[in-house]
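First comes the structure, then the notes that go with it.
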Amino acid sequence: MTPPQAEPAVELRGITKRFPGTLANDSVDLTVSAGEIHALMGENGAGKSTLMSVLYGMERPDAGTIRVDGREVSFAGPAGAMAAGLGMVHQNFKLFDSLTVAENVVYAAEPRRFGLVDRAAARRRVRELAEEHGLAVDPDARVGDLPVGLRQRVEILKLLHRGARTLILDEPTAVLTPAEADALFAVLKSLAAQGRTVILVTHKLREVLEGSDRVTVLRDGRVVARLVTAETTADEIAAAMTGRAVELDRVHAPGTPGDVVLDLTGLATDGVRDLELAVRAGEIVGIAGVAGNGQSELVEALAGLRPVTAGRVALRGRDITHASATERRAHGLAYVPEDRHAVGTAPAASVADNLAMGHHRTSLSSRGLLSPAAVRAHARRLVERFGIKAATEEVPASALSGGNLQKLLIGRELAHEAPLLLVEQPTRGVDIGAVQNIHDQLIAYRDAGHAVLLVSAELSEIRGLADRVLVMYEGRITATYQKDEADERSLGLAMAGGGTAPVEAVD
Ligand SMILES: Nc1ncnc2c1ncn2[C@@H]1O[C@H](COP(=O)(O)OP(=O)(O)OP(=O)(O)O)[C@@H](O)[C@H]1O
Ligand SMILES: [Mg+2]
């Protein structure tokens, strides 16, 4: 006799969800067993976040059923999903920066004593949970002061405090350093070993291969593959996602540097000092470093969003140290910010209008007025070139999936053909096929004679694209490498603050 099979933790049957002009989920079946780490993969716009929003009660499906622990459910909102034992960590964390870790974890589910919030009990509870799950974090720290990896721990602790048995994580490692991502996977594995269930949305094949038990692949809203991780390969998953073979980790030829385009001497801004750097036409200079070592501050200062406190910035020979952001753009600077939501795009404006932003003084306009026909044609060209998936060019940017919004931002800035491109995290949240496309476009941009300053947390991206690699540590450049010298080991060492000169690789 076979033992009775445990009920699946989550069972979705025939889930269909339509948005105007888009069938985001098309009769999707997904079964997630209790105690497994289940990866959900697919190209940008394949319907992953929509499916998770349906499961978590944030979107109502047009058809289909949801079972949690064998019981059919129908959620009017996330509160119902939480009560059924589901918990979701959103890409943009929903924590209160001014409250402490303990206050955030117990928020709206506080331990009480005589009707009052029992702070000592809250702190104790956080310590217990942290201890039990290997999620070390100081209960008294202010959340606003924590690095992103620790904030994510707080989000997970919050779900565990509420008794979540199934955790849904939508691209949890997109904003983490490799070390933080490894720590997260150690936690997820221990949660699964205790019988909790994890549903993980990610674009990173390595994570899926090392960290998951099974994989479901979506394409155009439908399930196209169900794979057992131990029996599959990166190539097989990539092919299922895209419907074709994908060449992973392509090697690019080096550039031919010309005149200096960006010249920094003794530059200082918040958390950055004594920076000397020249970026030439036809060259990509990559800045590697653990987040929080001054890279973002440097880029913001160059973009004109943060004051320069000492030193000089020259762009094509002109001093722009104290120029406004608009003046810099007019003098030949394009900028892809790290935060595509807050700085990069206007959510309520259409895809076409977002793509036209900053192009008012170009071929899209006559006498300062944008021509609607030119704006449409411009949008169509970029949608095609960058594979932006949108129902039409007229839908608001807020209707785009995360990765497609990123493609929009990159496309718009590259279209300026500016002599200098500042680009931060160009492929964050973008699927593997689109990563290759964006990399090819950056190389083509360089080869057309433009200068590129690239900041990325992805070492493989820096190593693949940059002609020179600089490491930033505690606000200074502590190491410089030519393209071929930048092996992963010595870069990793320099990023951790060890070694101030290129280290010989020992294999
Ligand atoms: N609120 C909305 N209104 C209109 N269309 C939407 C809305 N939300 C999502 N869509 C569309 O539904 C499709 C699926 O989007 P979804 O966000 O689920 O994709 P995804 O697989 O999570 O992609 P990514 O990897 O880029 O995050 C996309 O074509 C998207 O444009
Ligand atoms: Mg998504």
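If you're wondering about the labels, chains in the structure tokens are A, B, ... by order shown, residues count from 1 in each chain, ligands from 1 in order shown.
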
What residues of the protein or nucleic acid chains come within 7 Å of ligand 1 when you use only C-alpha atoms and all ligand atoms? Reply as a CSV table (one decimal) with C-alpha atoms, in the first residue's frame.
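Result file pocket-v5.csv:
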```csv
chain,number,residue,atom,x,y,z
A,19,PHE,CA,-5.7,42.8,-19.1
A,20,PRO,CA,-6.8,45.2,-21.9
A,22,THR,CA,-3.1,41.2,-23.1
A,23,LEU,CA,-3.8,37.6,-22.1
A,24,ALA,CA,-1.4,37.6,-19.2
A,42,GLY,CA,9.9,33.0,-18.1
A,43,GLU,CA,10.7,35.9,-20.3
A,44,ASN,CA,9.8,39.5,-19.4
A,45,GLY,CA,6.0,39.8,-19.7
A,46,ALA,CA,5.4,36.0,-19.6
A,47,GLY,CA,2.9,36.4,-16.8
A,48,LYS,CA,4.9,35.4,-13.7
A,49,SER,CA,4.1,38.4,-11.5
A,50,THR,CA,0.5,38.3,-12.6
A,51,LEU,CA,0.1,34.7,-11.6
A,389,LYS,CA,6.5,43.8,-24.9
A,390,ALA,CA,3.5,46.1,-24.7
A,391,ALA,CA,-0.1,45.7,-25.9
A,398,SER,CA,2.6,51.2,-15.4
A,399,ALA,CA,1.1,48.4,-17.5
A,400,LEU,CA,4.6,47.1,-18.5
A,401,SER,CA,6.1,44.2,-16.7
A,402,GLY,CA,9.3,45.0,-14.7
A,403,GLY,CA,11.8,43.8,-17.3
A,404,ASN,CA,10.0,45.6,-20.1
A,429,GLY,CA,15.2,42.3,-13.8
A,430,VAL,CA,15.7,41.5,-17.5
A,431,ASP,CA,15.3,38.0,-18.9
```

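Picture a line from atom CA of Arg412 of chain A to atom CA of Val343 of chain A; it runs 13.7 Å.
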
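Among A:Arg222, A:Lys407, A:Arg127, A:Arg119, the residue with the shortest atom-to-atom distance to Val336 of chain A, counting only C-alpha atoms, is A:Lys407.
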
For this session: Please provide as a list in words all residues within 9 Å of Glu207 of chain A, with the sequence filter that same-chain residues fewer than 5 positions apart are discarded (counting only C-alpha atoms).
Result: Ala181, Asp182, Phe185, Thr202 and Ser212 of chain A

Would you mind exporting the chosen residues as a compact mmCIF listing (two decimals), in the first residue's frame, restricted to C-alpha atoms?
```
# COMPACT_ATOMS: atom_id res chain seq x y z
CA ALA A 181 21.95 36.12 -2.43
CA ASP A 182 23.89 33.09 -1.16
CA PHE A 185 19.30 30.76 -0.39
CA THR A 202 13.81 34.78 -10.84
CA SER A 212 15.39 24.93 -6.52
```

Exercise. Can you tell me, as a list of chain:residue names, what residues are no more than 7 Å from Glu283 of chain A when counting only C-alpha atoms, ignoring any on the same chain fewer than 2 positions away?
Worked result: A:Gly255, A:Thr256, A:Pro257, A:Val279, A:Arg280, A:Ala281, A:Val285, A:Arg446, A:Ala451, A:Val452, A:Asp467
